[in-house]
Amino acid sequence: MLRSVILRHSRTISRNSWVARAFRSEKVDKETGLFGNKNLKTAESFNELPAAVKKSTDALIQELLTPSQNPRTSIQIVDDISNEICKSADLAECVRQLHSEPEFRNAAEDVSRNFCELVESLNTNTALYQKLKSSEITESSRLDDVDKRTLTLLLDDFEQSGVHLKDNQKEQFVQLSSEIFDAGARFQQNCDRIVSVGKFDQAKYGLPSQIYTPVSNSLDRSKRKMVYNTFYRHDDIQESYLQHLISSRHQLSQLTGFESFAHRAQRNSLLENYDTVRSFLWGVVEKCRGAFEKELAVLIDVSAQCSQQDNNNGNNEISTIAEHDLGFLMHLYRESAYDIAQVSQQSSPFFTFNSIWNGFSTLTQRLYGVRLIEEPLISGEMWNSSGVMKLQAVDEQNNELGVIYVDVSIRPEKAVGDCHYTVRCSKQLSDGTWQMPILVLSLGLVDGHSSQWRNSRVSFHSAETMFHELGHAMHSILGRTKYQHVAGTRCPQDFSEIPSNLMEYFFSDLGVMTDIIRRTDRPEEQLSIESAATLLASRHSFTAIETVQQAAYGLYDLEVHGPIAAPQIASGRMTTTELFHDIMNKTMPHIQRSPDSAFQHRFHHTVQYGAKYYSYLVARASACLIWQQRFLNDPFSRKWGDCWAEVQSHGGGHHPAVLLEKILGFRPTENDLTQALSKESQHLANLDAVTV
Ligand SMILES: [Zn+2]
């Protein structure tokens, strides 16, 4: 029932181990505890959490299993059990990742382990599972559509622990699950490995002894090629971990009655099955091909100009586009076509942390009547002494809807990467009131120790990321579900990424951007149309190439778990490198690549998303469709804003297609989704030629 928490743990433990833990913040007398909870003033107080949670869940389990005429349904009670655990486990997880004091982090890590064990024991509790399973029939007259869907999702989570299997199968299930976990963890640990460079190549290319990235913006083509191909070289150890992972996942899916892991992974998703996902991804590739080739032609022109310069220098290599050159040529184009460095510099006073969250608040106020207000912090409430802001979300009647903490300071012990934590979900409580959601956004944006951190400048890219992450937070704030199991972002990933992607569409609209992004010191001043247009044109140049590339990665991730490739990889008849090249050559045939390069050996997402990496593209396509249909011509439409807020309030309580129908008026097919992306890429692919 708490599968998401367990997965998050497994994903982050390895990352945390190499994060330095030297920094320690100043200690002050505390008026309250973490998140305003007076019981969490000290690290030791975390030790009390597991026993308190166990006590309340035991009482609920007893209520569930005691035969009686209970007015509450089984699903209500199980969701309460889940809520009791999540309220503490999710809070502990956030503290484990973000707290600046090692005592707190260690205490949170210890209790997280306790919660994992508790969850594992409940997930494999046959009596609990059977009671819930039988309620599908015994309580069916008392269940509405939301109850039924939540019940299905909860049972599905239970079944991921093999609780429903016969004893001999259960043993095999546990064994395979543990092999999947181990192979995945080992593979991920190696994804970011550093590559050593030999003495000869160091001297020849002027390289350091180690390389950390595949990107070289050197003007020397052979150096760019060498760096890229060395970084992504096929690695036999990674291949063996992948082979093990794919093989175990394939066996596990067959044990549970599915043709392949790629089939199993599509349960409860928008596209519903393997064949539709496949056809969606190939549809994206085919329909974006025209725009893709247009953009490629621009890059070939840039490449030819570079070759001309190379030829003048005696380098006679023929002008072609190679995989290792894509990033470099795009960079060169943006520099020449948009003079992007200078425009970014001129417009930078408009892009500060304060101006961006205020701009977001202006947008949500116009769309939904919900605004964000900065609240003073109470000592002890925070996990770090500076660089954290508390925002209260309120509606037009000043009702409090929830709290968003935004932690923007860069500090060594903070987990890497931008992410959000749902510390507490929205949920209807048994007395009819709503549990107030608490969200935390963690972004590495500014030096939190600077007294001016609120007005620190952020890059255009970071501003867009803030809109994305605040979009996730607003999804949870707007949540009004009976059950916490389906609240806010707790829905299939193809839907949970739609609100955040839609916010990026608003941010990328010229009219919206110049209207809502204001200098905090001079709010009457507007960002010039020319600057905004240049920033946006640069950002969205080469969208078709990016889209086709994402579809290709999605196809690889799907097929590597699919019915044809997985058995071949498991038995050693095919390598993942062969599969990857086969897909890349079909999807992006004009781009040359070295047969020995193996991007997929560094692709973390194979472990995390397993046959669902494509969900991001589905979410983007859905957001694109919503934008085109409902907001493009009237971005501040309150009518459609209210409608979209209502859709978000359901979280994962309905099938994604049902929710999309509420805003679009129809259930989008995979063809509608590919059309939306194709239309967008055709519109954006009209790039002018440049002289570099
Ligand atoms: Zn996201």
# chains A, B, ... in the order shown; residues from 1 in each chain; ligands from 1
>>> select_by_dssp(residues="stretch 363-519 of chain A", states="strand (DSSP E)", output="VMD selection string")
chain A and resid 371 to 375 388 to 394 400 to 409 419 to 424 427 to 428 434 to 435 438 to 446
>>> closest_atom_pairs(of="chain A", to="ligand 1", cutoff="12 Å", atoms="only C-alpha atoms and all ligand atoms", output="CSV")
residue,atom,partner,partner_atom_place_in_ligand_line,distance
A:Gly417,CA,ligand 1,1 (Zn),11.7
A:Asp418,CA,ligand 1,1 (Zn),9.3
A:Cys419,CA,ligand 1,1 (Zn),7.8
A:His420,CA,ligand 1,1 (Zn),8.6
A:Tyr421,CA,ligand 1,1 (Zn),11.5
A:Leu441,CA,ligand 1,1 (Zn),11.3
A:Glu464,CA,ligand 1,1 (Zn),11.5
A:Thr465,CA,ligand 1,1 (Zn),8.8
A:Met466,CA,ligand 1,1 (Zn),10.4
A:Phe467,CA,ligand 1,1 (Zn),10.1
A:His468,CA,ligand 1,1 (Zn),6.3
A:Glu469,CA,ligand 1,1 (Zn),6.3
A:Leu470,CA,ligand 1,1 (Zn),9.5
A:Gly471,CA,ligand 1,1 (Zn),8.4
A:His472,CA,ligand 1,1 (Zn),6.7
A:Ala473,CA,ligand 1,1 (Zn),10.0
A:His475,CA,ligand 1,1 (Zn),11.2
A:Thr489,CA,ligand 1,1 (Zn),9.7
A:Gln493,CA,ligand 1,1 (Zn),8.9
A:Asp494,CA,ligand 1,1 (Zn),10.3
A:Phe495,CA,ligand 1,1 (Zn),10.4
A:Ser496,CA,ligand 1,1 (Zn),7.7
A:Glu497,CA,ligand 1,1 (Zn),5.2
A:Ile498,CA,ligand 1,1 (Zn),8.3
A:Pro499,CA,ligand 1,1 (Zn),8.7
A:Ser500,CA,ligand 1,1 (Zn),5.9
A:Asn501,CA,ligand 1,1 (Zn),7.3
A:Leu502,CA,ligand 1,1 (Zn),10.6
A:Met503,CA,ligand 1,1 (Zn),10.6
A:Glu504,CA,ligand 1,1 (Zn),10.5
A:Ser615,CA,ligand 1,1 (Zn),10.9
A:Tyr616,CA,ligand 1,1 (Zn),8.3
A:Leu617,CA,ligand 1,1 (Zn),11.5
A:Ala619,CA,ligand 1,1 (Zn),9.6
A:Arg620,CA,ligand 1,1 (Zn),10.3
>>> atom_distance(atom1="atom CA of A:Gln550", atom2="atom CA of A:Leu443")
23.9 Å
>>> atom_distance(atom1="atom CA of A:Pro412", atom2="atom CA of A:Arg193")
19.7 Å
>>> select_by_dssp(residues="stretch 235-320 of chain A", states="helix (DSSP H, G or I)", output="PyMOL selection string")
chain A and resi 236-255+261-264+274-287+289-312
>>> closest_atom_pairs(of="stretch 563-647 of chain A", to="stretch 345-365 of chain A", cutoff="12 Å", atoms="only C-alpha atoms", output="CSV")
residue,atom,partner,partner_atom,distance
A:Pro635,CA,A:Leu363,CA,9.4
A:Phe636,CA,A:Leu363,CA,7.6
A:Ser637,CA,A:Leu363,CA,10.6
A:Arg638,CA,A:Gln365,CA,9.4
A:Gly641,CA,A:Thr364,CA,8.4
A:Asp642,CA,A:Thr364,CA,10.1
A:Trp644,CA,A:Thr364,CA,11.1
A:Ala645,CA,A:Thr364,CA,9.6
>>> atom_distance(atom1="atom CA of A:Asp407", atom2="atom CA of A:Val119")
28.7 Å
>>> residues_around(residues="A:Asp147", least_positions_apart="4", cutoff="8 Å", atoms="only C-alpha atoms", output="list of chain:residue names")
A:Ile75, A:Leu143, A:Leu151
>>> closest_atom_pairs(of="stretch 466-580 of chain A", to="stretch 237-241 of chain A", cutoff="9 Å", atoms="only C-alpha atoms", output="JSON lines")
{"residue": "A:Thr575", "atom": "CA", "partner": "A:Glu239", "partner_atom": "CA", "distance": 7.4}
{"residue": "A:Thr576", "atom": "CA", "partner": "A:Glu239", "partner_atom": "CA", "distance": 7.1}
{"residue": "A:Thr577", "atom": "CA", "partner": "A:Glu239", "partner_atom": "CA", "distance": 8.3}
>>> closest_residue(among="A:His164, A:Lys482, A:Arg490, A:Arg264", to="A:Gly651", atoms="only C-alpha atoms")
A:Arg490
>>> closest_residue(among="A:Leu242, A:Ile591, A:Ala183, A:Leu219", to="A:Ala322", atoms="only C-alpha atoms")
A:Ile591
>>> closest_residue(among="A:Gln69, A:Gln549, A:Gln435, A:Ser442", to="A:Glu400", atoms="only C-alpha atoms")
A:Gln435
>>> residues_around(residues="A:Arg424", least_positions_apart="5", cutoff="12 Å", atoms="only C-alpha atoms", output="PyMOL selection string")
chain A and resi 35+82-94+402-404+434-440+473+476-477+479+484-485+487-490
>>> residues_around(residues="A:Ile529", least_positions_apart="3", cutoff="7 Å", atoms="only C-alpha atoms", output="list in words")
Thr514, Ala532 and Ala533 of chain A
>>> closest_residue(among="A:His604, A:Arg221, A:Arg96, A:Arg518", to="A:Asp325", atoms="only C-alpha atoms")
A:Arg221
>>> closest_residue(among="A:Ser379, A:Gln130, A:Gln392, A:Gln202", to="A:Glu31", atoms="only C-alpha atoms")
A:Ser379
